[in-house]
>>> print(open('coords_13.pdb').read())   # PDB, C-alpha atoms
ATOM      1  CA  MET A   1     -17.223  11.801  -2.366
ATOM      2  CA  MET A   2     -18.240   8.273  -1.540
ATOM      3  CA  PRO A   3     -21.008   5.906  -2.653
ATOM      4  CA  ASP A   4     -24.130   5.304  -0.583
ATOM      5  CA  ASP A   5     -23.700   1.582  -0.924
ATOM      6  CA  SER A   6     -21.293  -0.931  -2.453
ATOM      7  CA  LYS A   7     -21.604  -4.630  -3.220
ATOM      8  CA  THR A   8     -18.909  -6.970  -4.424
ATOM      9  CA  ALA A   9     -20.077  -8.544  -7.679
ATOM     10  CA  TYR A  10     -16.858 -10.385  -8.572
ATOM     11  CA  ASP A  11     -13.967 -11.282  -6.287
ATOM     12  CA  GLY A  12     -10.940 -11.891  -8.483
ATOM     13  CA  LYS A  13      -7.213 -12.414  -8.135
ATOM     14  CA  GLN A  14      -5.954  -9.282  -9.914
ATOM     15  CA  PHE A  15      -9.006  -7.087  -9.389
ATOM     16  CA  ASP A  16     -12.572  -7.094  -8.038
ATOM     17  CA  VAL A  17     -15.802  -5.730  -9.466
ATOM     18  CA  VAL A  18     -18.148  -3.751  -7.225
ATOM     19  CA  VAL A  19     -21.574  -2.309  -7.948
ATOM     20  CA  GLU A  20     -21.898   1.016  -6.172
ATOM     21  CA  THR A  21     -25.012   3.106  -5.538
ATOM     22  CA  TRP A  22     -24.576   6.872  -5.950
ATOM     23  CA  GLY A  23     -27.952   8.511  -5.309
ATOM     24  CA  ASP A  24     -30.256   7.093  -7.983
ATOM     25  CA  THR A  25     -27.400   5.745 -10.065
ATOM     26  CA  GLU A  26     -25.696   2.356 -10.036
ATOM     27  CA  ARG A  27     -22.053   2.201 -11.124
ATOM     28  CA  GLU A  28     -20.181  -0.957 -12.046
ATOM     29  CA  ILE A  29     -16.545  -0.434 -11.135
ATOM     30  CA  VAL A  30     -13.383  -2.514 -11.500
ATOM     31  CA  ARG A  31     -11.308  -2.124  -8.338
ATOM     32  CA  HIS A  32      -7.571  -2.367  -8.901
ATOM     33  CA  PRO A  33      -4.645  -1.823  -6.488
ATOM     34  CA  GLY A  34      -3.001   0.839  -8.657
ATOM     35  CA  SER A  35       0.117   0.718 -10.757
ATOM     36  CA  VAL A  36       3.380   2.333 -11.829
ATOM     37  CA  ALA A  37       5.271   2.848 -15.081
ATOM     38  CA  ILE A  38       8.821   4.084 -15.599
ATOM     39  CA  VAL A  39      10.602   6.118 -18.270
ATOM     40  CA  ALA A  40      14.082   4.727 -17.530
ATOM     41  CA  VAL A  41      16.948   6.452 -19.335
ATOM     42  CA  ASP A  42      20.570   5.306 -19.053
ATOM     43  CA  GLY A  43      23.801   7.311 -19.220
ATOM     44  CA  ASP A  44      23.955   6.829 -23.010
ATOM     45  CA  ASP A  45      20.562   8.543 -23.302
ATOM     46  CA  ARG A  46      18.687   5.380 -24.212
ATOM     47  CA  VAL A  47      15.234   4.530 -22.867
ATOM     48  CA  THR A  48      14.358   0.913 -22.069
ATOM     49  CA  LEU A  49      11.009  -0.446 -23.258
ATOM     50  CA  VAL A  50       9.556  -3.932 -22.856
ATOM     51  CA  ARG A  51       7.906  -6.077 -25.491
ATOM     52  CA  GLN A  52       5.605  -8.835 -24.270
ATOM     53  CA  LEU A  53       2.454 -10.727 -25.140
ATOM     54  CA  ARG A  54      -0.554  -8.860 -23.778
ATOM     55  CA  GLU A  55      -3.322 -11.420 -23.828
ATOM     56  CA  PRO A  56      -6.153  -8.832 -23.800
ATOM     57  CA  ALA A  57      -4.706  -7.330 -27.007
ATOM     58  CA  ARG A  58      -4.071 -10.758 -28.595
ATOM     59  CA  LYS A  59      -0.560  -9.634 -29.514
ATOM     60  CA  GLU A  60       2.759  -8.301 -28.293
ATOM     61  CA  LEU A  61       2.916  -4.663 -27.297
ATOM     62  CA  LEU A  62       5.847  -2.349 -26.750
ATOM     63  CA  GLU A  63       5.450  -0.505 -23.452
ATOM     64  CA  LEU A  64       7.138   1.295 -20.617
ATOM     65  CA  PRO A  65       8.212  -1.084 -17.853
ATOM     66  CA  ALA A  66       5.290  -1.206 -15.437
ATOM     67  CA  GLY A  67       3.867  -3.068 -12.484
ATOM     68  CA  THR A  68       1.068  -3.355  -9.959
ATOM     69  CA  LEU A  69       1.234  -2.029  -6.401
ATOM     70  CA  GLU A  70       1.415  -4.627  -3.672
ATOM     71  CA  GLU A  71      -0.624  -4.033  -0.556
ATOM     72  CA  GLY A  72       0.719  -1.139   1.481
ATOM     73  CA  GLU A  73       3.526  -0.459  -0.989
ATOM     74  CA  GLU A  74       4.459   3.084  -2.031
ATOM     75  CA  PRO A  75       4.507   3.668  -5.810
ATOM     76  CA  LEU A  76       8.212   4.610  -5.812
ATOM     77  CA  ALA A  77       9.130   1.329  -4.086
ATOM     78  CA  THR A  78       7.026  -0.663  -6.569
ATOM     79  CA  ALA A  79       8.634   1.151  -9.488
ATOM     80  CA  LYS A  80      12.212   0.523  -8.313
ATOM     81  CA  ARG A  81      11.447  -3.147  -7.618
ATOM     82  CA  GLU A  82       9.741  -3.667 -10.989
ATOM     83  CA  LEU A  83      12.494  -1.922 -12.936
ATOM     84  CA  GLU A  84      15.139  -4.117 -11.340
ATOM     85  CA  GLU A  85      13.161  -7.361 -11.731
ATOM     86  CA  GLU A  86      11.827  -6.755 -15.225
ATOM     87  CA  CYS A  87      14.734  -4.858 -16.790
ATOM     88  CA  ALA A  88      17.759  -5.399 -14.488
ATOM     89  CA  LEU A  89      18.083  -1.620 -14.178
ATOM     90  CA  THR A  90      19.145  -0.004 -10.911
ATOM     91  CA  GLY A  91      20.115   3.400  -9.542
ATOM     92  CA  GLY A  92      19.311   6.654 -11.301
ATOM     93  CA  GLU A  93      17.744   9.939 -10.312
ATOM     94  CA  TRP A  94      13.995   9.547  -9.875
ATOM     95  CA  ARG A  95      11.126  11.987 -10.199
ATOM     96  CA  GLU A  96       7.380  11.719 -10.641
ATOM     97  CA  LEU A  97       6.040  12.733 -14.057
ATOM     98  CA  VAL A  98       2.321  12.348 -13.316
ATOM     99  CA  ARG A  99      -0.316  10.460 -11.372
ATOM    100  CA  CYS A 100      -3.182   9.617 -13.668
ATOM    101  CA  TRP A 101      -6.246   7.424 -14.065
ATOM    102  CA  THR A 102      -6.052   4.874 -16.888
ATOM    103  CA  SER A 103      -9.798   4.552 -17.635
ATOM    104  CA  PRO A 104     -11.730   6.460 -14.986
ATOM    105  CA  GLY A 105     -15.235   5.815 -16.319
ATOM    106  CA  PHE A 106     -15.332   2.327 -14.824
ATOM    107  CA  LEU A 107     -11.872   1.486 -13.452
ATOM    108  CA  ASP A 108     -10.197   2.870 -10.320
ATOM    109  CA  GLU A 109      -6.631   2.078 -11.446
ATOM    110  CA  ARG A 110      -4.442   5.052 -10.644
ATOM    111  CA  MET A 111      -0.996   4.970 -12.210
ATOM    112  CA  THR A 112       2.096   6.877 -11.184
ATOM    113  CA  ILE A 113       4.536   7.406 -14.044
ATOM    114  CA  PHE A 114       8.152   8.083 -13.034
ATOM    115  CA  ALA A 115      11.227   9.233 -14.875
ATOM    116  CA  ALA A 116      14.501   7.597 -13.788
ATOM    117  CA  GLU A 117      17.582   9.147 -15.384
ATOM    118  CA  GLY A 118      21.060   7.663 -15.284
ATOM    119  CA  VAL A 119      19.923   4.116 -14.537
ATOM    120  CA  GLU A 120      22.574   1.380 -14.729
ATOM    121  CA  HIS A 121      22.333  -1.948 -16.531
ATOM    122  CA  GLY A 122      23.425  -4.844 -14.327
ATOM    123  CA  GLY A 123      22.404  -8.217 -13.045
ATOM    124  CA  GLU A 124      19.724 -10.210 -14.806
ATOM    125  CA  GLN A 125      15.962 -10.185 -15.217
ATOM    126  CA  LYS A 126      14.033 -11.880 -12.414
ATOM    127  CA  LEU A 127      10.750 -12.699 -14.098
ATOM    128  CA  ASP A 128       7.747 -14.587 -12.830
ATOM    129  CA  GLU A 129       7.297 -18.046 -14.361
ATOM    130  CA  ASP A 130       4.569 -16.827 -16.682
ATOM    131  CA  GLU A 131       6.425 -13.703 -17.829
ATOM    132  CA  ASP A 132       8.414 -13.468 -21.040
ATOM    133  CA  VAL A 133       9.676  -9.945 -21.521
ATOM    134  CA  GLU A 134      11.998  -8.751 -24.291
ATOM    135  CA  LEU A 135      13.980  -5.604 -23.547
ATOM    136  CA  VAL A 136      14.165  -2.969 -26.278
ATOM    137  CA  THR A 137      16.197   0.234 -26.075
ATOM    138  CA  TRP A 138      15.591   3.383 -28.095
ATOM    139  CA  PRO A 139      17.805   6.454 -28.253
ATOM    140  CA  VAL A 140      15.793   9.236 -26.604
ATOM    141  CA  GLY A 141      16.392  11.338 -29.718
ATOM    142  CA  GLU A 142      14.426   8.807 -31.814
ATOM    143  CA  ILE A 143      11.268   8.773 -29.676
ATOM    144  CA  GLU A 144       9.529  11.543 -31.624
ATOM    145  CA  GLN A 145       9.798   9.819 -34.993
ATOM    146  CA  ARG A 146       8.955   6.376 -33.571
ATOM    147  CA  LEU A 147       5.735   7.287 -31.762
ATOM    148  CA  SER A 148       3.662   5.531 -34.424
ATOM    149  CA  GLU A 149       5.130   2.193 -33.235
ATOM    150  CA  LEU A 150       3.390   2.649 -29.874
ATOM    151  CA  GLU A 151      -0.142   1.473 -29.100
ATOM    152  CA  ASP A 152      -0.212   1.789 -25.319
ATOM    153  CA  ALA A 153      -1.663   4.916 -23.727
ATOM    154  CA  LYS A 154       0.638   5.107 -20.669
ATOM    155  CA  THR A 155       3.709   4.680 -22.889
ATOM    156  CA  ILE A 156       2.665   7.507 -25.206
ATOM    157  CA  ALA A 157       1.730   9.793 -22.294
ATOM    158  CA  GLY A 158       4.865   8.971 -20.284
ATOM    159  CA  LEU A 159       7.341   9.400 -23.130
ATOM    160  CA  LEU A 160       5.784  12.672 -24.327
ATOM    161  CA  LEU A 161       5.703  14.056 -20.773
ATOM    162  CA  TYR A 162       9.323  13.027 -20.335
ATOM    163  CA  LEU A 163      10.412  14.785 -23.539
ATOM    164  CA  ARG A 164       8.775  18.014 -22.291
ATOM    165  CA  THR A 165      10.576  17.989 -18.935
ATOM    166  CA  ARG A 166      14.077  16.721 -19.606
TER     167      ARG A 166
ATOM    168  CA  MET B   1      -2.955 -15.304 -30.896
ATOM    169  CA  MET B   2      -5.947 -16.719 -29.062
ATOM    170  CA  PRO B   3      -6.518 -18.447 -25.716
ATOM    171  CA  ASP B   4      -6.938 -22.210 -25.407
ATOM    172  CA  ASP B   5     -10.032 -21.728 -23.285
ATOM    173  CA  SER B   6     -12.200 -18.926 -21.919
ATOM    174  CA  LYS B   7     -14.829 -18.847 -19.166
ATOM    175  CA  THR B   8     -17.098 -15.967 -18.265
ATOM    176  CA  ALA B   9     -16.553 -15.176 -14.590
ATOM    177  CA  TYR B  10     -18.723 -12.035 -14.401
ATOM    178  CA  ASP B  11     -21.432 -10.927 -16.805
ATOM    179  CA  GLY B  12     -21.927  -7.198 -16.304
ATOM    180  CA  LYS B  13     -23.731  -4.308 -17.946
ATOM    181  CA  GLN B  14     -20.719  -2.208 -18.999
ATOM    182  CA  PHE B  15     -18.141  -4.997 -19.207
ATOM    183  CA  ASP B  16     -17.608  -8.694 -18.523
ATOM    184  CA  VAL B  17     -14.792 -10.573 -16.837
ATOM    185  CA  VAL B  18     -13.397 -13.714 -18.436
ATOM    186  CA  VAL B  19     -10.772 -16.139 -17.203
ATOM    187  CA  GLU B  20      -8.695 -17.337 -20.139
ATOM    188  CA  THR B  21      -6.250 -20.219 -20.327
ATOM    189  CA  TRP B  22      -3.083 -19.562 -22.335
ATOM    190  CA  GLY B  23      -0.901 -22.674 -22.154
ATOM    191  CA  ASP B  24      -0.127 -23.147 -18.454
ATOM    192  CA  THR B  25      -1.238 -19.641 -17.542
ATOM    193  CA  GLU B  26      -4.618 -18.298 -16.458
ATOM    194  CA  ARG B  27      -5.427 -14.669 -17.258
ATOM    195  CA  GLU B  28      -8.243 -12.685 -15.703
ATOM    196  CA  ILE B  29      -9.404 -10.148 -18.286
ATOM    197  CA  VAL B  30     -11.977  -7.363 -18.303
ATOM    198  CA  ARG B  31     -13.768  -7.387 -21.656
ATOM    199  CA  HIS B  32     -14.906  -3.981 -22.835
ATOM    200  CA  PRO B  33     -16.490  -2.865 -26.140
ATOM    201  CA  GLY B  34     -13.829  -0.241 -26.852
ATOM    202  CA  SER B  35     -13.986   3.522 -26.726
ATOM    203  CA  VAL B  36     -13.207   6.850 -28.352
ATOM    204  CA  ALA B  37     -11.918  10.239 -27.228
ATOM    205  CA  ILE B  38     -11.800  13.501 -29.166
ATOM    206  CA  VAL B  39      -9.477  16.518 -29.253
ATOM    207  CA  ALA B  40     -12.101  18.976 -30.560
ATOM    208  CA  VAL B  41     -10.764  22.395 -31.555
ATOM    209  CA  ASP B  42     -13.024  25.212 -32.761
ATOM    210  CA  GLY B  43     -12.318  28.030 -35.209
ATOM    211  CA  ASP B  44     -11.047  30.254 -32.372
ATOM    212  CA  ASP B  45      -8.392  27.640 -31.572
ATOM    213  CA  ARG B  46     -10.019  26.517 -28.333
ATOM    214  CA  VAL B  47     -10.208  22.890 -27.249
ATOM    215  CA  THR B  48     -13.301  21.646 -25.386
ATOM    216  CA  LEU B  49     -12.809  19.492 -22.298
ATOM    217  CA  VAL B  50     -15.431  17.991 -19.979
ATOM    218  CA  ARG B  51     -15.480  18.036 -16.212
ATOM    219  CA  GLN B  52     -17.583  15.381 -14.486
ATOM    220  CA  LEU B  53     -17.746  13.216 -11.403
ATOM    221  CA  ARG B  54     -15.837  10.010 -12.022
ATOM    222  CA  GLU B  55     -17.056   7.674  -9.320
ATOM    223  CA  PRO B  56     -14.013   5.347  -9.497
ATOM    224  CA  ALA B  57     -11.764   8.367  -8.736
ATOM    225  CA  ARG B  58     -14.108   9.708  -6.023
ATOM    226  CA  LYS B  59     -13.871  13.156  -7.591
ATOM    227  CA  GLU B  60     -14.408  15.271 -10.680
ATOM    228  CA  LEU B  61     -11.883  14.921 -13.471
ATOM    229  CA  LEU B  62     -11.147  17.112 -16.461
ATOM    230  CA  GLU B  63     -10.988  14.978 -19.615
ATOM    231  CA  LEU B  64     -11.309  14.837 -23.351
ATOM    232  CA  PRO B  65     -14.891  14.152 -24.447
ATOM    233  CA  ALA B  66     -15.146  10.362 -24.732
ATOM    234  CA  GLY B  67     -17.562   7.518 -25.114
ATOM    235  CA  THR B  68     -18.035   3.778 -25.448
ATOM    236  CA  LEU B  69     -18.599   1.964 -28.733
ATOM    237  CA  GLU B  70     -22.041   0.550 -29.283
ATOM    238  CA  GLU B  71     -22.313  -2.872 -30.881
ATOM    239  CA  GLY B  72     -21.262  -2.812 -34.503
ATOM    240  CA  GLU B  73     -20.479   0.895 -34.449
ATOM    241  CA  GLU B  74     -17.371   2.327 -36.105
ATOM    242  CA  PRO B  75     -15.183   4.466 -33.817
ATOM    243  CA  LEU B  76     -15.600   7.562 -36.002
ATOM    244  CA  ALA B  77     -19.397   7.312 -35.807
ATOM    245  CA  THR B  78     -19.257   6.905 -32.023
ATOM    246  CA  ALA B  79     -16.954   9.893 -31.719
ATOM    247  CA  LYS B  80     -19.153  12.198 -33.799
ATOM    248  CA  ARG B  81     -22.259  11.106 -31.900
ATOM    249  CA  GLU B  82     -20.643  11.559 -28.497
ATOM    250  CA  LEU B  83     -19.194  14.957 -29.356
ATOM    251  CA  GLU B  84     -22.593  16.230 -30.438
ATOM    252  CA  GLU B  85     -24.480  14.739 -27.473
ATOM    253  CA  GLU B  86     -21.961  15.575 -24.771
ATOM    254  CA  CYS B  87     -20.617  18.914 -26.042
ATOM    255  CA  ALA B  88     -23.071  20.134 -28.717
ATOM    256  CA  LEU B  89     -20.178  20.302 -31.187
ATOM    257  CA  THR B  90     -20.658  19.410 -34.840
ATOM    258  CA  GLY B  91     -18.771  19.516 -38.110
ATOM    259  CA  GLY B  92     -15.017  19.892 -38.346
ATOM    260  CA  GLU B  93     -12.201  18.108 -40.140
ATOM    261  CA  TRP B  94     -11.539  14.750 -38.519
ATOM    262  CA  ARG B  95      -8.427  12.602 -38.362
ATOM    263  CA  GLU B  96      -7.233   9.719 -36.205
ATOM    264  CA  LEU B  97      -4.407  10.511 -33.777
ATOM    265  CA  VAL B  98      -3.862   7.008 -32.407
ATOM    266  CA  ARG B  99      -5.469   3.695 -31.516
ATOM    267  CA  CYS B 100      -4.211   2.572 -28.141
ATOM    268  CA  TRP B 101      -4.876   0.206 -25.265
ATOM    269  CA  THR B 102      -5.764   1.884 -21.960
ATOM    270  CA  SER B 103      -4.485  -0.819 -19.578
ATOM    271  CA  PRO B 104      -3.489  -3.862 -21.604
ATOM    272  CA  GLY B 105      -2.280  -6.048 -18.741
ATOM    273  CA  PHE B 106      -5.828  -7.048 -17.785
ATOM    274  CA  LEU B 107      -8.256  -4.938 -19.857
ATOM    275  CA  ASP B 108      -9.075  -5.257 -23.571
ATOM    276  CA  GLU B 109     -10.371  -1.679 -23.950
ATOM    277  CA  ARG B 110      -8.962  -0.246 -27.155
ATOM    278  CA  MET B 111      -9.431   3.488 -27.564
ATOM    279  CA  THR B 112      -9.315   5.522 -30.758
ATOM    280  CA  ILE B 113      -8.359   9.157 -30.158
ATOM    281  CA  PHE B 114      -9.416  11.595 -32.873
ATOM    282  CA  ALA B 115      -8.629  15.217 -33.616
ATOM    283  CA  ALA B 116     -11.541  17.303 -34.957
ATOM    284  CA  GLU B 117     -10.518  20.776 -36.096
ATOM    285  CA  GLY B 118     -12.920  23.595 -36.927
ATOM    286  CA  VAL B 119     -15.847  22.149 -34.949
ATOM    287  CA  GLU B 120     -18.881  24.409 -34.487
ATOM    288  CA  HIS B 121     -20.769  25.127 -31.280
ATOM    289  CA  GLY B 122     -24.513  24.763 -31.696
ATOM    290  CA  GLY B 123     -27.567  23.125 -30.259
ATOM    291  CA  GLU B 124     -27.557  21.846 -26.713
ATOM    292  CA  GLN B 125     -26.141  18.944 -24.741
ATOM    293  CA  LYS B 126     -28.201  15.750 -24.869
ATOM    294  CA  LEU B 127     -27.051  13.932 -21.769
ATOM    295  CA  ASP B 128     -28.227  10.688 -20.242
ATOM    296  CA  GLU B 129     -30.258  11.102 -17.058
ATOM    297  CA  ASP B 130     -27.333  10.144 -14.859
ATOM    298  CA  GLU B 131     -24.802  12.387 -16.642
ATOM    299  CA  ASP B 132     -23.803  15.842 -15.422
ATOM    300  CA  VAL B 133     -21.061  17.222 -17.615
ATOM    301  CA  GLU B 134     -19.572  20.714 -17.406
ATOM    302  CA  LEU B 135     -17.932  22.019 -20.576
ATOM    303  CA  VAL B 136     -14.557  23.742 -20.222
ATOM    304  CA  THR B 137     -12.636  25.375 -23.072
ATOM    305  CA  TRP B 138      -8.916  26.064 -23.122
ATOM    306  CA  PRO B 139      -7.002  28.049 -25.716
ATOM    307  CA  VAL B 140      -4.790  25.531 -27.493
ATOM    308  CA  GLY B 141      -1.832  27.802 -26.751
ATOM    309  CA  GLU B 142      -2.344  27.270 -22.992
ATOM    310  CA  ILE B 143      -2.338  23.457 -23.043
ATOM    311  CA  GLU B 144       1.415  23.149 -22.445
ATOM    312  CA  GLN B 145       1.426  25.215 -19.249
ATOM    313  CA  ARG B 146      -1.817  23.660 -17.933
ATOM    314  CA  LEU B 147      -0.839  19.989 -18.263
ATOM    315  CA  SER B 148      -0.414  19.709 -14.494
ATOM    316  CA  GLU B 149      -4.213  20.193 -14.131
ATOM    317  CA  LEU B 150      -4.781  16.882 -15.945
ATOM    318  CA  GLU B 151      -4.976  13.499 -14.230
ATOM    319  CA  ASP B 152      -6.402  11.361 -17.015
ATOM    320  CA  ALA B 153      -4.063   9.320 -19.199
ATOM    321  CA  LYS B 154      -6.029   9.550 -22.493
ATOM    322  CA  THR B 155      -6.362  13.311 -22.085
ATOM    323  CA  ILE B 156      -2.626  13.797 -21.574
ATOM    324  CA  ALA B 157      -1.752  11.454 -24.441
ATOM    325  CA  GLY B 158      -4.347  12.927 -26.814
ATOM    326  CA  LEU B 159      -3.503  16.574 -26.194
ATOM    327  CA  LEU B 160       0.254  16.008 -26.479
ATOM    328  CA  LEU B 161      -0.172  13.991 -29.683
ATOM    329  CA  TYR B 162      -2.393  16.745 -31.058
ATOM    330  CA  LEU B 163       0.166  19.446 -30.284
ATOM    331  CA  ARG B 164       2.814  17.467 -32.209
ATOM    332  CA  THR B 165       0.712  17.110 -35.347
ATOM    333  CA  ARG B 166      -1.191  20.373 -35.767
TER     334      ARG B 166
END
>>> encode(input="coords_13.pdb", output="structure tokens")
Amino acid sequence: MMPDDSKTAYDGKQFDVVVETWGDTEREIVRHPGSVAIVAVDGDDRVTLVRQLREPARKELLELPAGTLEEGEEPLATAKRELEEECALTGGEWRELVRCWTSPGFLDERMTIFAAEGVEHGGEQKLDEDEDVELVTWPVGEIEQRLSELEDAKTIAGLLLYLRTR
Amino acid sequence: MMPDDSKTAYDGKQFDVVVETWGDTEREIVRHPGSVAIVAVDGDDRVTLVRQLREPARKELLELPAGTLEEGEEPLATAKRELEEECALTGGEWRELVRCWTSPGFLDERMTIFAAEGVEHGGEQKLDEDEDVELVTWPVGEIEQRLSELEDAKTIAGLLLYLRTR
């Protein structure tokens, strides 16, 4: 299914906005390259989360490590690159937990959430200049009772899916 | 925490885009009024989902009933209104499952997910002209084995949170 017509209404750096015509209906849509998030668990059965200022939320949030697809990049490659750069985690056995839409009423961001088990800590974070990311590890066995500390949809969905399939 | 400066870059119908200055950093942010989603379970222990064309995904998705906050509206009021209009479901015992951000890297949409237990079917759908929503009910006991049919992050998060707390 495709629109009858599409016009770019905003041409941004991280995303664009298009106004599409579907029959008699106009839809305003944020176009995004897509993204990844990772449930990364080490050999001591600890999951790594990241705490950082999220300007849209006006505060720091605790989230799964995540990143945006670069042009032509496969989600698995993005996820491995982001996990190494953001968390200095490498290796592990990888599998896909889900591909899901983050807010499909008006946003075309599709996110692939991976599990990576047996990842190894090593090296150092390679962050962009404007990134300031604190690493937080939780024992996997504590996730259930700490869910109320989470306010990010992908993190809740990813961790709960992971607990079902481990 | 607030930005040093903010400029409207796109003034839309459903959302705006602003470019904010935070110290040396510019952030491009989609501003959205916020939203709700509902895990609505009837007296026969069946949850109601909605299937509809989601233009950003180019296909139909199966999701929790959901809606956007109107100006000045409390999330609970939005949720009750949307559930009646979209699904013709009324009544029930309501509680909040979580308040979460749907994509907090660039979007300020905050979503409240409710559980409503003991809702009653009655009346008829009151949809907007451009809405075409098919109602689907699942026995709550089948959610676990049917998760792979879901591709929407709020729906996965909401149903799994509901299963933990019922």
>>> interface_residues(input="coords_13.pdb", of="chain B", to="chain A", cutoff="9 Å", atoms="only C-alpha atoms", output="VMD selection string")
chain B and resid 1 to 3 9 to 10 12 to 15 17 20 22 24 to 25 27 to 31 54 to 59 61 98 to 111 130 144 148 150 to 158 160 to 161 164
>>> resolve_selection(input="coords_13.pdb", expression="the PyMOL selection byres ((chain A and resi 139) around 10)", output="PyMOL selection string")
chain A and resi 41-42+44-48+137-138+140-143
>>> resolve_selection(input="coords_13.pdb", expression="the PyMOL selection byres ((chain A and resi 85-90) around 12)", output="count of residues only")
48
>>> residues_near_point(input="coords_13.pdb", point="(2.6, 2.8, -3.8)", cutoff="10 Å", atoms="only C-alpha atoms", output="list in words")
Pro33, Gly34, Ser35, Val36, Thr68, Leu69, Glu70, Glu71, Gly72, Glu73, Glu74, Pro75, Leu76, Ala77, Thr78, Ala79, Met111 and Thr112 of chain A
>>> atom_distance(input="coords_13.pdb", atom1="CA of Ser6 (chain A)", atom2="CA of His32 (chain B)")
21.6 Å
>>> atom_distance(input="coords_13.pdb", atom1="CA of Arg166 (chain B)", atom2="CA of Glu96 (chain A)")
27.9 Å
>>> axis_aligned_box(input="coords_13.pdb", around="region 75-88 of chain A", padding_each_side="5 Å", output="lines of an AutoDock Vina configuration file")
center_x = 11.1
center_y = -1.4
center_z = -10.4
size_x = 23.3
size_y = 22.0
size_z = 22.7
>>> atom_distance(input="coords_13.pdb", atom1="CA of Thr165 (chain A)", atom2="CA of Ala115 (chain A)")
9.7 Å
>>> build_atoms(input="coords_13.pdb", residues="region 118-123 of chain B", atoms="all heavy atoms", output="mmCIF file, in the frame of the given file")
data_model
loop_
_atom_site.group_PDB
_atom_site.id
_atom_site.type_symbol
_atom_site.label_atom_id
_atom_site.label_comp_id
_atom_site.auth_asym_id
_atom_site.auth_seq_id
_atom_site.Cartn_x
_atom_site.Cartn_y
_atom_site.Cartn_z
ATOM 1 N N GLY B 118 -11.901 22.757 -36.299
ATOM 2 C CA GLY B 118 -12.920 23.595 -36.927
ATOM 3 C C GLY B 118 -14.331 23.184 -36.541
ATOM 4 O O GLY B 118 -15.279 23.460 -37.280
ATOM 5 N N VAL B 119 -14.494 22.523 -35.381
ATOM 6 C CA VAL B 119 -15.847 22.149 -34.949
ATOM 7 C C VAL B 119 -16.648 23.409 -34.617
ATOM 8 O O VAL B 119 -16.095 24.452 -34.277
ATOM 9 C CB VAL B 119 -15.812 21.204 -33.724
ATOM 10 C CG1 VAL B 119 -15.184 19.877 -34.105
ATOM 11 C CG2 VAL B 119 -15.069 21.839 -32.551
ATOM 12 N N GLU B 120 -17.980 23.273 -34.723
ATOM 13 C CA GLU B 120 -18.881 24.409 -34.487
ATOM 14 C C GLU B 120 -19.774 24.155 -33.283
ATOM 15 O O GLU B 120 -20.342 23.078 -33.134
ATOM 16 C CB GLU B 120 -19.736 24.642 -35.738
ATOM 17 C CG GLU B 120 -18.898 25.178 -36.892
ATOM 18 C CD GLU B 120 -19.657 25.231 -38.207
ATOM 19 O OE1 GLU B 120 -20.901 25.250 -38.171
ATOM 20 O OE2 GLU B 120 -18.988 25.250 -39.253
ATOM 21 N N HIS B 121 -19.882 25.193 -32.446
ATOM 22 C CA HIS B 121 -20.769 25.127 -31.280
ATOM 23 C C HIS B 121 -22.201 25.375 -31.748
ATOM 24 O O HIS B 121 -22.467 26.290 -32.521
ATOM 25 C CB HIS B 121 -20.392 26.213 -30.263
ATOM 26 C CG HIS B 121 -18.974 26.099 -29.762
ATOM 27 N ND1 HIS B 121 -18.643 25.428 -28.604
ATOM 28 C CD2 HIS B 121 -17.808 26.547 -30.278
ATOM 29 C CE1 HIS B 121 -17.323 25.492 -28.433
ATOM 30 N NE2 HIS B 121 -16.792 26.161 -29.424
ATOM 31 N N GLY B 122 -23.135 24.549 -31.272
ATOM 32 C CA GLY B 122 -24.513 24.763 -31.696
ATOM 33 C C GLY B 122 -25.398 23.738 -31.047
ATOM 34 O O GLY B 122 -24.953 22.655 -30.662
ATOM 35 N N GLY B 123 -26.648 24.051 -30.902
ATOM 36 C CA GLY B 123 -27.567 23.125 -30.259
ATOM 37 C C GLY B 123 -27.287 23.041 -28.772
ATOM 38 O O GLY B 123 -26.659 23.923 -28.190
#
